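Shown here: final.cif, mmCIF, C-alpha atoms and all ligand atoms.
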data_start
#
loop_
_atom_site.label_atom_id
_atom_site.label_comp_id
_atom_site.auth_asym_id
_atom_site.auth_seq_id
_atom_site.Cartn_x
_atom_site.Cartn_y
_atom_site.Cartn_z
CA MET A 1 0.00 0.00 0.00
CA SER A 2 1.42 3.39 -0.91
CA SER A 3 2.28 5.77 1.91
CA PHE A 4 -0.29 8.22 0.51
CA LEU A 5 -3.08 5.68 0.96
CA ARG A 6 -1.81 4.72 4.40
CA VAL A 7 -1.90 8.35 5.54
CA LEU A 8 -5.35 8.84 4.04
CA LEU A 9 -6.70 5.77 5.86
CA ALA A 10 -5.00 6.76 9.13
CA ARG A 11 -6.64 10.19 8.91
CA ARG A 12 -10.04 8.67 8.33
CA ARG A 13 -9.74 6.19 11.18
CA ARG A 14 -12.03 7.05 14.02
CA PHE A 15 -10.49 7.56 17.46
CA ARG A 16 -12.76 5.68 19.88
CA TYR A 17 -13.27 6.98 23.41
CA SER A 18 -15.82 6.85 26.23
CA GLY A 19 -15.30 10.18 28.06
CA SER A 20 -17.87 11.75 30.36
CA ARG A 21 -20.26 14.70 30.39
CA VAL A 22 -18.70 17.85 31.87
CA PRO A 23 -20.13 21.30 32.69
CA CYS A 24 -19.14 24.30 30.55
CA ASN A 25 -15.50 25.20 31.19
CA LEU A 26 -16.20 28.92 30.91
CA CYS A 27 -19.41 29.53 32.91
CA GLY A 28 -20.18 26.18 34.58
CA GLY A 29 -23.49 25.94 32.65
CA GLU A 30 -25.08 22.52 32.13
CA SER A 31 -27.63 23.25 29.41
CA PHE A 32 -26.29 22.56 25.93
CA LEU A 33 -27.38 22.74 22.31
CA VAL A 34 -25.98 20.21 19.79
CA VAL A 35 -24.17 22.10 17.00
CA GLY A 36 -22.34 19.23 15.29
CA ARG A 37 -22.91 15.49 14.95
CA ARG A 38 -19.98 14.44 12.72
CA ASP A 39 -16.30 15.30 12.40
CA ARG A 40 -14.57 16.49 9.21
CA TRP A 41 -14.14 12.86 8.09
CA LEU A 42 -17.86 12.17 8.71
CA ASN A 43 -17.18 9.99 11.76
CA PRO A 44 -19.73 10.43 14.59
CA LEU A 45 -18.63 13.19 17.00
CA ILE A 46 -21.00 15.29 19.11
CA ASN A 47 -20.17 18.98 19.64
CA VAL A 48 -22.39 21.08 21.89
CA MET A 49 -22.70 24.79 22.63
CA CYS A 50 -23.33 26.12 26.15
CA ARG A 51 -26.68 27.95 26.06
CA GLN A 52 -25.48 30.43 28.68
CA CYS A 53 -22.14 31.65 27.29
CA GLY A 54 -21.69 30.13 23.79
CA LEU A 55 -18.58 27.99 24.45
CA ILE A 56 -18.44 24.92 22.16
CA PHE A 57 -17.04 21.55 23.27
CA LEU A 58 -17.15 17.78 22.86
CA ASP A 59 -19.92 15.88 24.61
CA PRO A 60 -18.91 13.51 26.10
CA MET A 61 -15.53 15.06 26.90
CA PRO A 62 -12.65 12.53 26.64
CA THR A 63 -10.74 11.76 29.85
CA ASP A 64 -7.13 12.91 30.43
CA GLU A 65 -5.93 9.35 29.83
CA GLU A 66 -7.81 9.16 26.50
CA ILE A 67 -6.43 12.54 25.41
CA ASN A 68 -2.85 11.56 26.31
CA ARG A 69 -3.22 8.34 24.34
CA TYR A 70 -4.49 10.30 21.35
CA TYR A 71 -1.62 12.80 21.40
CA GLU A 72 1.12 10.31 22.10
CA ARG A 73 0.30 7.94 19.25
CA HIS A 74 -2.38 9.29 17.00
CA TYR A 75 -2.55 13.02 16.65
CA ARG A 76 0.03 14.20 14.12
CA ILE A 77 -0.70 11.39 11.70
CA HIS A 78 -4.45 11.77 12.19
CA TYR A 79 -4.32 15.52 11.76
CA GLN A 80 -1.43 16.36 9.47
CA GLY A 81 -0.37 13.02 8.06
CA ALA A 82 3.18 12.96 9.49
CA ALA A 83 5.05 12.01 12.68
CA GLU A 84 7.67 14.74 12.04
CA PRO A 85 7.36 18.13 10.29
CA THR A 86 7.19 17.95 6.49
CA PRO A 87 8.96 20.46 4.17
CA VAL A 88 5.62 22.20 3.53
CA SER A 89 4.70 22.41 7.23
CA ILE A 90 8.19 23.79 8.02
CA LEU A 91 7.84 26.43 5.31
CA ARG A 92 4.46 27.49 6.70
CA SER A 93 5.62 27.50 10.31
CA LEU A 94 8.64 29.66 9.44
CA ARG A 95 6.45 32.16 7.60
CA ASN A 96 3.97 32.08 10.45
CA ALA A 97 6.76 32.62 13.04
CA GLU A 98 7.99 35.73 11.23
CA GLU A 99 4.44 37.10 10.94
CA ARG A 100 3.79 36.46 14.62
CA LEU A 101 6.99 38.21 15.70
CA GLN A 102 6.13 41.19 13.48
CA MET A 103 2.67 41.37 14.99
CA LEU A 104 4.11 41.25 18.50
CA ALA A 105 6.66 44.00 17.73
CA SER A 106 4.92 46.54 20.00
CA VAL A 107 5.37 44.40 23.14
CA LEU A 108 8.65 42.67 22.23
CA LYS A 109 10.70 45.73 23.21
CA SER A 110 10.20 44.91 26.88
CA VAL A 111 10.42 41.12 26.45
CA MET A 112 13.35 38.83 27.25
CA ARG A 113 11.93 35.42 27.99
CA ILE A 114 9.34 33.79 25.76
CA LEU A 115 7.43 30.56 26.38
CA ASP A 116 5.77 29.02 23.31
CA VAL A 117 3.10 26.53 24.35
CA GLY A 118 2.49 24.07 21.52
CA SER A 119 5.83 24.75 19.87
CA GLY A 120 5.41 22.06 17.16
CA GLY A 121 8.54 21.73 15.00
CA GLY A 122 10.18 24.69 16.84
CA GLU A 123 10.19 27.24 14.00
CA PHE A 124 8.83 30.06 16.17
CA LEU A 125 11.36 29.27 18.94
CA ALA A 126 14.24 29.22 16.44
CA THR A 127 13.20 32.52 14.80
CA ALA A 128 12.77 34.25 18.19
CA GLN A 129 16.07 32.84 19.47
CA ARG A 130 17.88 34.18 16.40
CA GLN A 131 16.46 37.61 17.22
CA GLY A 132 18.04 37.43 20.69
CA TYR A 133 15.21 36.24 22.95
CA GLU A 134 15.52 33.50 25.56
CA VAL A 135 13.03 30.86 24.51
CA GLU A 136 11.47 27.66 25.83
CA GLY A 137 8.85 25.50 24.19
CA VAL A 138 6.22 22.98 25.24
CA GLU A 139 5.29 20.20 22.83
CA PRO A 140 3.66 16.94 23.93
CA ASN A 141 4.41 15.22 20.62
CA VAL A 142 7.79 13.50 20.96
CA GLY A 143 8.59 13.44 17.22
CA TYR A 144 8.03 17.19 16.79
CA ALA A 145 9.76 18.12 20.07
CA ARG A 146 12.88 16.08 19.28
CA TYR A 147 12.95 17.50 15.74
CA ALA A 148 12.95 21.05 17.20
CA GLU A 149 15.78 20.28 19.65
CA ARG A 150 17.86 18.46 17.04
CA THR A 151 17.36 20.98 14.23
CA TYR A 152 17.38 24.30 16.06
CA GLY A 153 19.06 23.54 19.41
CA VAL A 154 16.11 24.98 21.36
CA LYS A 155 14.81 23.85 24.74
CA VAL A 156 11.49 21.98 24.53
CA HIS A 157 9.54 20.38 27.39
CA VAL A 158 8.02 17.12 26.15
CA ALA A 159 5.01 16.74 28.43
CA PRO A 160 1.42 17.90 28.85
CA PHE A 161 1.65 21.60 29.76
CA MET A 162 -0.03 21.37 33.18
CA GLN A 163 2.44 18.72 34.38
CA ILE A 164 5.58 20.76 33.68
CA ASP A 165 7.63 22.14 36.57
CA PHE A 166 9.23 25.41 35.41
CA GLY A 167 11.27 25.62 38.61
CA GLY A 168 9.86 29.01 39.59
CA ARG A 169 10.90 30.60 36.26
CA GLN A 170 8.62 33.29 34.87
CA PHE A 171 8.20 34.67 31.38
CA ASP A 172 7.57 38.08 29.80
CA LEU A 173 5.52 36.68 26.95
CA ILE A 174 3.61 33.43 26.43
CA THR A 175 2.49 32.52 22.93
CA CYS A 176 -0.11 29.83 22.42
CA ASN A 177 -0.82 29.22 18.75
CA HIS A 178 -3.65 26.78 17.91
CA VAL A 179 -3.40 25.05 21.29
CA LEU A 180 -6.17 26.26 23.61
CA GLU A 181 -8.82 24.48 21.53
CA HIS A 182 -6.97 21.20 22.17
CA MET A 183 -7.14 21.57 25.94
CA ARG A 184 -9.60 19.77 28.20
CA ASN A 185 -9.60 22.58 30.75
CA PRO A 186 -8.58 25.76 28.90
CA LEU A 187 -9.52 27.99 31.85
CA ALA A 188 -7.06 26.13 34.13
CA ASN A 189 -4.42 26.57 31.42
CA LEU A 190 -5.07 30.31 31.27
CA ARG A 191 -4.73 30.51 35.06
CA ARG A 192 -1.41 28.67 34.78
CA PHE A 193 -0.28 31.16 32.09
CA HIS A 194 -1.14 33.90 34.58
CA GLN A 195 1.12 32.34 37.24
CA LEU A 196 3.95 31.88 34.75
CA LEU A 197 3.91 35.48 33.50
CA VAL A 198 5.64 38.37 35.26
CA PRO A 199 3.37 41.29 36.33
CA GLY A 200 2.77 43.32 33.17
CA GLY A 201 3.51 40.26 31.00
CA ASN A 202 1.70 39.48 27.76
CA LEU A 203 -0.16 36.56 26.29
CA HIS A 204 -0.81 35.92 22.61
CA LEU A 205 -3.61 33.49 21.83
CA LEU A 206 -4.67 32.15 18.46
CA VAL A 207 -7.54 29.69 18.03
CA PRO A 208 -9.81 28.77 15.09
CA ASP A 209 -12.91 30.97 14.88
CA MET A 210 -16.05 28.83 15.11
CA ALA A 211 -18.13 31.74 13.81
CA GLU A 212 -15.96 32.37 10.76
CA PRO A 213 -18.23 32.86 7.74
CA HIS A 214 -17.87 30.60 4.68
CA LYS A 215 -16.09 27.79 6.54
CA THR A 216 -17.46 24.34 5.56
CA PRO A 217 -19.92 23.45 8.35
CA ILE A 218 -18.58 19.91 8.58
CA GLY A 219 -14.92 21.01 8.55
CA LEU A 220 -15.31 22.72 11.91
CA PHE A 221 -15.26 19.62 14.06
CA HIS A 222 -12.40 17.32 14.90
CA PHE A 223 -11.60 15.05 17.86
CA GLY A 224 -8.43 17.06 18.61
CA HIS A 225 -10.54 20.20 19.09
CA LEU A 226 -12.02 19.59 22.52
CA HIS A 227 -13.22 23.21 22.69
CA GLY A 228 -14.39 25.67 20.04
CA PHE A 229 -14.10 29.43 20.54
CA THR A 230 -15.45 32.61 19.04
CA HIS A 231 -14.05 36.09 19.63
CA GLU A 232 -16.55 36.56 22.47
CA THR A 233 -15.91 33.29 24.33
CA LEU A 234 -12.13 33.70 23.96
CA VAL A 235 -12.22 37.22 25.45
CA MET A 236 -14.54 36.11 28.29
CA MET A 237 -12.39 33.12 29.20
CA ALA A 238 -9.21 35.19 29.08
CA ALA A 239 -10.88 37.77 31.39
CA LYS A 240 -11.79 35.00 33.84
CA GLY A 241 -8.17 33.83 33.68
CA GLY A 242 -6.85 37.35 34.45
CA PHE A 243 -6.22 38.88 31.01
CA ALA A 244 -7.58 41.83 29.02
CA PRO A 245 -7.25 42.31 25.24
CA PHE A 246 -4.91 45.10 24.14
CA ASP A 247 -7.20 46.27 21.40
CA ASP A 248 -10.95 46.04 22.01
CA THR A 249 -11.78 46.89 18.41
CA ARG A 250 -10.37 43.68 16.91
CA ARG A 251 -13.15 41.13 16.46
CA ASN A 252 -11.21 37.96 15.73
CA THR A 253 -9.66 35.00 17.55
CA ALA A 254 -5.98 35.98 17.19
CA LEU A 255 -5.52 38.33 20.11
CA LEU A 256 -2.83 39.86 22.25
CA PHE A 257 -3.68 40.19 25.96
CA ARG A 258 -2.06 41.96 28.88
CA ARG A 259 -1.86 40.29 32.26
CA LEU A 260 -4.18 41.82 34.88
CA ALA A 261 -3.44 41.58 38.61
CA GLY A 262 -6.12 38.88 38.90
CA PRO A 263 -9.31 37.50 37.32
CA ASP A 264 -11.71 40.14 35.97
CA PRO A 265 -14.92 39.90 38.10
CA ASN A 266 -16.88 41.37 35.16
CA TRP A 267 -15.77 38.65 32.76
CA PHE A 268 -19.32 37.91 31.48
CA ARG A 269 -19.06 40.66 28.90
CA PHE A 270 -21.23 39.21 26.13
CA PRO A 271 -24.48 37.93 27.73
CA GLU A 272 -26.29 37.90 24.34
CA HIS A 273 -23.62 35.90 22.56
CA ALA A 274 -24.99 32.36 23.08
CA THR A 275 -28.37 33.29 21.54
CA ALA A 276 -26.70 34.95 18.54
CA LEU A 277 -24.35 32.00 18.04
CA ALA A 278 -27.23 29.49 18.22
CA ALA A 279 -28.97 31.47 15.44
CA PHE A 280 -25.74 31.47 13.42
CA PHE A 281 -25.50 27.66 13.64
CA ARG A 282 -29.17 27.25 12.70
CA ARG A 283 -28.55 29.29 9.54
CA ARG A 284 -25.33 27.49 8.67
CA THR A 285 -26.51 24.36 6.90
CA MET A 286 -24.53 22.36 4.34
CA TRP A 287 -27.02 23.29 1.58
CA ARG A 288 -26.65 27.00 2.25
CA HIS A 289 -22.90 26.60 2.33
CA ILE A 290 -22.89 24.84 -1.06
CA ALA A 291 -25.04 27.64 -2.50
CA SER A 292 -22.87 30.50 -1.21
CA ILE A 293 -20.27 32.22 -3.43
CA GLY A 294 -18.11 33.06 -0.40
CA ALA A 295 -17.52 29.35 0.23
CA TYR A 296 -16.06 28.86 -3.27
CA LYS A 297 -13.90 31.96 -2.95
CA ARG A 298 -12.56 30.65 0.35
CA THR A 299 -11.82 27.19 -1.11
CA ALA A 300 -10.12 28.74 -4.17
CA GLY A 301 -7.99 30.93 -1.89
CA ARG A 302 -6.95 27.96 0.23
CA LEU A 303 -6.10 25.87 -2.84
CA ARG A 304 -3.94 28.67 -4.27
CA TYR A 305 -2.14 28.95 -0.93
CA LEU A 306 -1.60 25.17 -0.72
CA LEU A 307 -0.37 24.88 -4.32
CA GLY A 308 1.95 27.87 -3.83
CA ASP A 309 3.59 26.18 -0.81
CA TYR A 310 4.04 22.85 -2.60
CA LEU A 311 5.55 24.64 -5.60
CA THR A 312 8.00 26.57 -3.41
CA VAL A 313 9.15 23.35 -1.70
CA TRP A 314 9.33 21.47 -5.02
CA ARG A 315 11.41 24.24 -6.64
CA SER A 316 13.82 24.39 -3.69
CA THR A 317 14.34 20.58 -3.63
CA ASP A 318 14.74 20.63 -7.41
CA ARG A 319 17.47 23.26 -7.13
CA THR A 320 19.19 21.31 -4.33
CA SER A 321 19.23 18.13 -6.40
CA ASP A 322 20.54 20.08 -9.44
CA ALA A 323 23.34 21.48 -7.28
CA THR A 324 24.14 17.98 -5.98
CA LYS A 325 24.23 16.66 -9.56
CA ALA A 326 26.51 19.54 -10.65
CA LYS A 327 28.87 18.81 -7.77
CA SER A 328 29.10 15.09 -8.51
CA THR A 329 29.90 15.61 -12.21
ZN ZN A 401 -20.96 28.33 29.38
#
In structure tokens, write the structure found in this file.
Amino acid sequence: MSSFLRVLLARRRRFRYSGSRVPCNLCGGESFLVVGRRDRWLNPLINVMCRQCGLIFLDPMPTDEEINRYYERHYRIHYQGAAEPTPVSILRSLRNAEERLQMLASVLKSVMRILDVGSGGGEFLATAQRQGYEVEGVEPNVGYARYAERTYGVKVHVAPFMQIDFGGRQFDLITCNHVLEHMRNPLANLRRFHQLLVPGGNLHLLVPDMAEPHKTPIGLFHFGHLHGFTHETLVMMAAKGGFAPFDDTRRNTALLFRRLAGPDPNWFRFPEHATALAAFFRRRTMWRHIASIGAYKRTAGRLRYLLGDYLTVWRSTDRTSDATKAKST
């Protein structure tokens, strides 16, 4: 069987778990609305939305043991089709690292120590280290963590984030790129970020936006995504964890926060959000998606982006092999 087929089948394989029903991680609510019944591969997977605050999550929620099993053996192959970074994923992560550092330029002046939670193949750590920052990473996937250490000589903790002992060290900036949605208890993680940051420290969070228009309804859900956020639920959870957004006018799910002295008692800032989000999900059916022009524009844009990356990698490997040939002749 070709490796392509093997990867395709591995991705489509359902991860079986029992889990248990949990209250909403943001508000403690126990009344939910089902917003998804299948994952992106059409395997059964129930996602619910809290009727009180709008947070989305798996129901039942897998146990810690089930999640660890998934990440240790299953995740990267299930999600990206590789146990180590591929040339295309490295290219993207490098580009993404440079963009992130540019975006953080306003706070980086007062930053020395950076912690990247979910450091993947280590491209962000390597780029920041080259610019003179002291960096540490957290990556539960052994293959990716070892790749980062071997390739870039950066320090990476290979363990679930909440189990790591940082020996009393604190950081000026924590970055958490596409990680919070993978966490069973994101609020506890935010509170841990708060402890690990110096007073006046900063936190950069990036999660997928569950209310993004034109996204395929079925593509939203995935076993790895234990929680689903919108701008509103991300801001409310960060407030409960002791953080306030820098810029209140930005309405997306890539946000820079400053550390407050403690949790914001007025964290429930968007009381109407759950009702509005429920209406959004009722409107977002597969048939409407298929009939919308925006969906095709989005797919075309993504395809162009994907093809562009493959072409760049192909051209660079082609040049390398030409150079090798030239040398050997
Ligand atoms: Zn809730």
Considering only C-alpha atoms, tabulate each residue of segment 163-237 of chain A that lies at most 8 Å from segment 261-285 of chain A along with its nearest interatomic pair and the corresponding distance in Å to one decimal; arrange the rows by chain and ascending residue number and present them as JSON lines.
{"residue": "A:Pro199", "atom": "CA", "partner": "A:Ala261", "partner_atom": "CA", "distance": 7.2}
{"residue": "A:Ala211", "atom": "CA", "partner": "A:Leu277", "partner_atom": "CA", "distance": 7.5}
{"residue": "A:Pro217", "atom": "CA", "partner": "A:Arg284", "partner_atom": "CA", "distance": 6.8}
{"residue": "A:Glu232", "atom": "CA", "partner": "A:Phe270", "partner_atom": "CA", "distance": 6.5}
{"residue": "A:Met236", "atom": "CA", "partner": "A:Trp267", "partner_atom": "CA", "distance": 5.3}
{"residue": "A:Met237", "atom": "CA", "partner": "A:Trp267", "partner_atom": "CA", "distance": 7.4}
How close does chain A get to ligand ZN 401 (chain A)? List, as a tab-separated table, each residue of chain A within 6 Å, its nearest atom pair and the distance in Å to one decimal, counting only C-alpha atoms and all ligand atoms.
residue	atom	partner	partner_atom	distance
A:Cys24	CA	A:ZN401	ZN	4.6
A:Leu26	CA	A:ZN401	ZN	5.0
A:Cys27	CA	A:ZN401	ZN	4.0
A:Gly28	CA	A:ZN401	ZN	5.7
A:Gly29	CA	A:ZN401	ZN	4.8
A:Cys50	CA	A:ZN401	ZN	4.6
A:Gln52	CA	A:ZN401	ZN	5.0
A:Cys53	CA	A:ZN401	ZN	4.1
A:Gly54	CA	A:ZN401	ZN	5.9
A:Leu55	CA	A:ZN401	ZN	5.5
Closest of A:Met210, A:Gly224, A:Asp172, A:Arg259 to Ser110 of chain A - atom-to-atom distances counting only C-alpha atoms: A:Asp172
What does the distance between atom CA of Ala159 of chain A and atom CA of Asp59 of chain A come to in Å, to one decimal place?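 Pair atom CA of Ala159 of chain A / atom CA of Asp59 of chain A returns 25.2 Å.
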Have a look at atom CA of Glu99 of chain A and atom CA of Gly137 of chain A and let me know their distance in Å, one decimal.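 It comes out at 18.2 Å.
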Between atom CA of Gln102 of chain A and atom CA of Glu212 of chain A, distance in Å (one decimal): 23.9 Å
Taking every listed atom of segment 309-315 of chain A and adding 3 Å to each side, what centre and edge lengths in Å (one decimal) does the axis-aligned box have, as JSON?
{"center_x": 7.5, "center_y": 24.0, "center_z": -3.7, "size_x": 13.8, "size_y": 11.1, "size_z": 11.8}
Pick from A:Gly301, A:Gly228, A:Gly118, A:Pro140 nearest to Thr175 of chain A, counting all atoms listed in the file: A:Gly118
From the set A:Thr230, A:Asn47, A:Thr249, A:Gln163, which residue has the shortest atom-to-atom contact distance to Val207 of chain A, counting only C-alpha atoms?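 Closest candidate: A:Thr230.
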How close does segment 85-139 of chain A get to segment 242-247 of chain A? List, as a tab-separated table, each residue of segment 85-139 of chain A within 12 Å, its nearest atom pair and the distance in Å to one decimal, counting all atoms listed in the file.
residue	atom	partner	partner_atom	distance
A:Leu104	CA	A:Phe246	CA	11.3
A:Ser106	CA	A:Phe246	CA	10.8
A:Val107	CA	A:Phe246	CA	10.4
Taking C-alpha atoms for each residue, export the selection above as a PDB file, in the frame of the given file.
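Final output, saved to part_36.pdb:
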ATOM      1  CA  LEU A 104       4.110  41.250  18.500  1.00  0.00           C
ATOM      2  CA  SER A 106       4.920  46.540  20.000  1.00  0.00           C
ATOM      3  CA  VAL A 107       5.370  44.400  23.140  1.00  0.00           C
TER       4      VAL A 107
END
Best match for closeness to Gly201 of chain A among A:Arg113, A:Asn177, A:Asn68, A:Phe229, counting only C-alpha atoms: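 Of A:Arg113, A:Asn177, A:Asn68, A:Phe229, the one nearest Gly201 of chain A, counting only C-alpha atoms, is A:Arg113.
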Per residue of segment 95-122 of chain A within 12 Å of segment 178-186 of chain A, record the nearest atom pair and its distance in Å to one decimal, counting all atoms listed in the file, with rows in chain order and ascending residue number, as CSV.
residue,atom,partner,partner_atom,distance
A:Asn96,CA,A:His178,CA,11.9
A:Asp116,CA,A:Val179,CA,10.2
A:Val117,CA,A:Val179,CA,7.3
A:Gly118,CA,A:Val179,CA,6.0
A:Ser119,CA,A:Val179,CA,9.3
A:Gly120,CA,A:Val179,CA,10.2
Select, from A:Ile90, A:Ala188, A:Leu197, A:Val235, the residue with the minimum atom-to-atom distance to Phe166 of chain A, counting all atoms listed in the file.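 That would be A:Leu197, the residue with the smallest distance to Phe166 of chain A.
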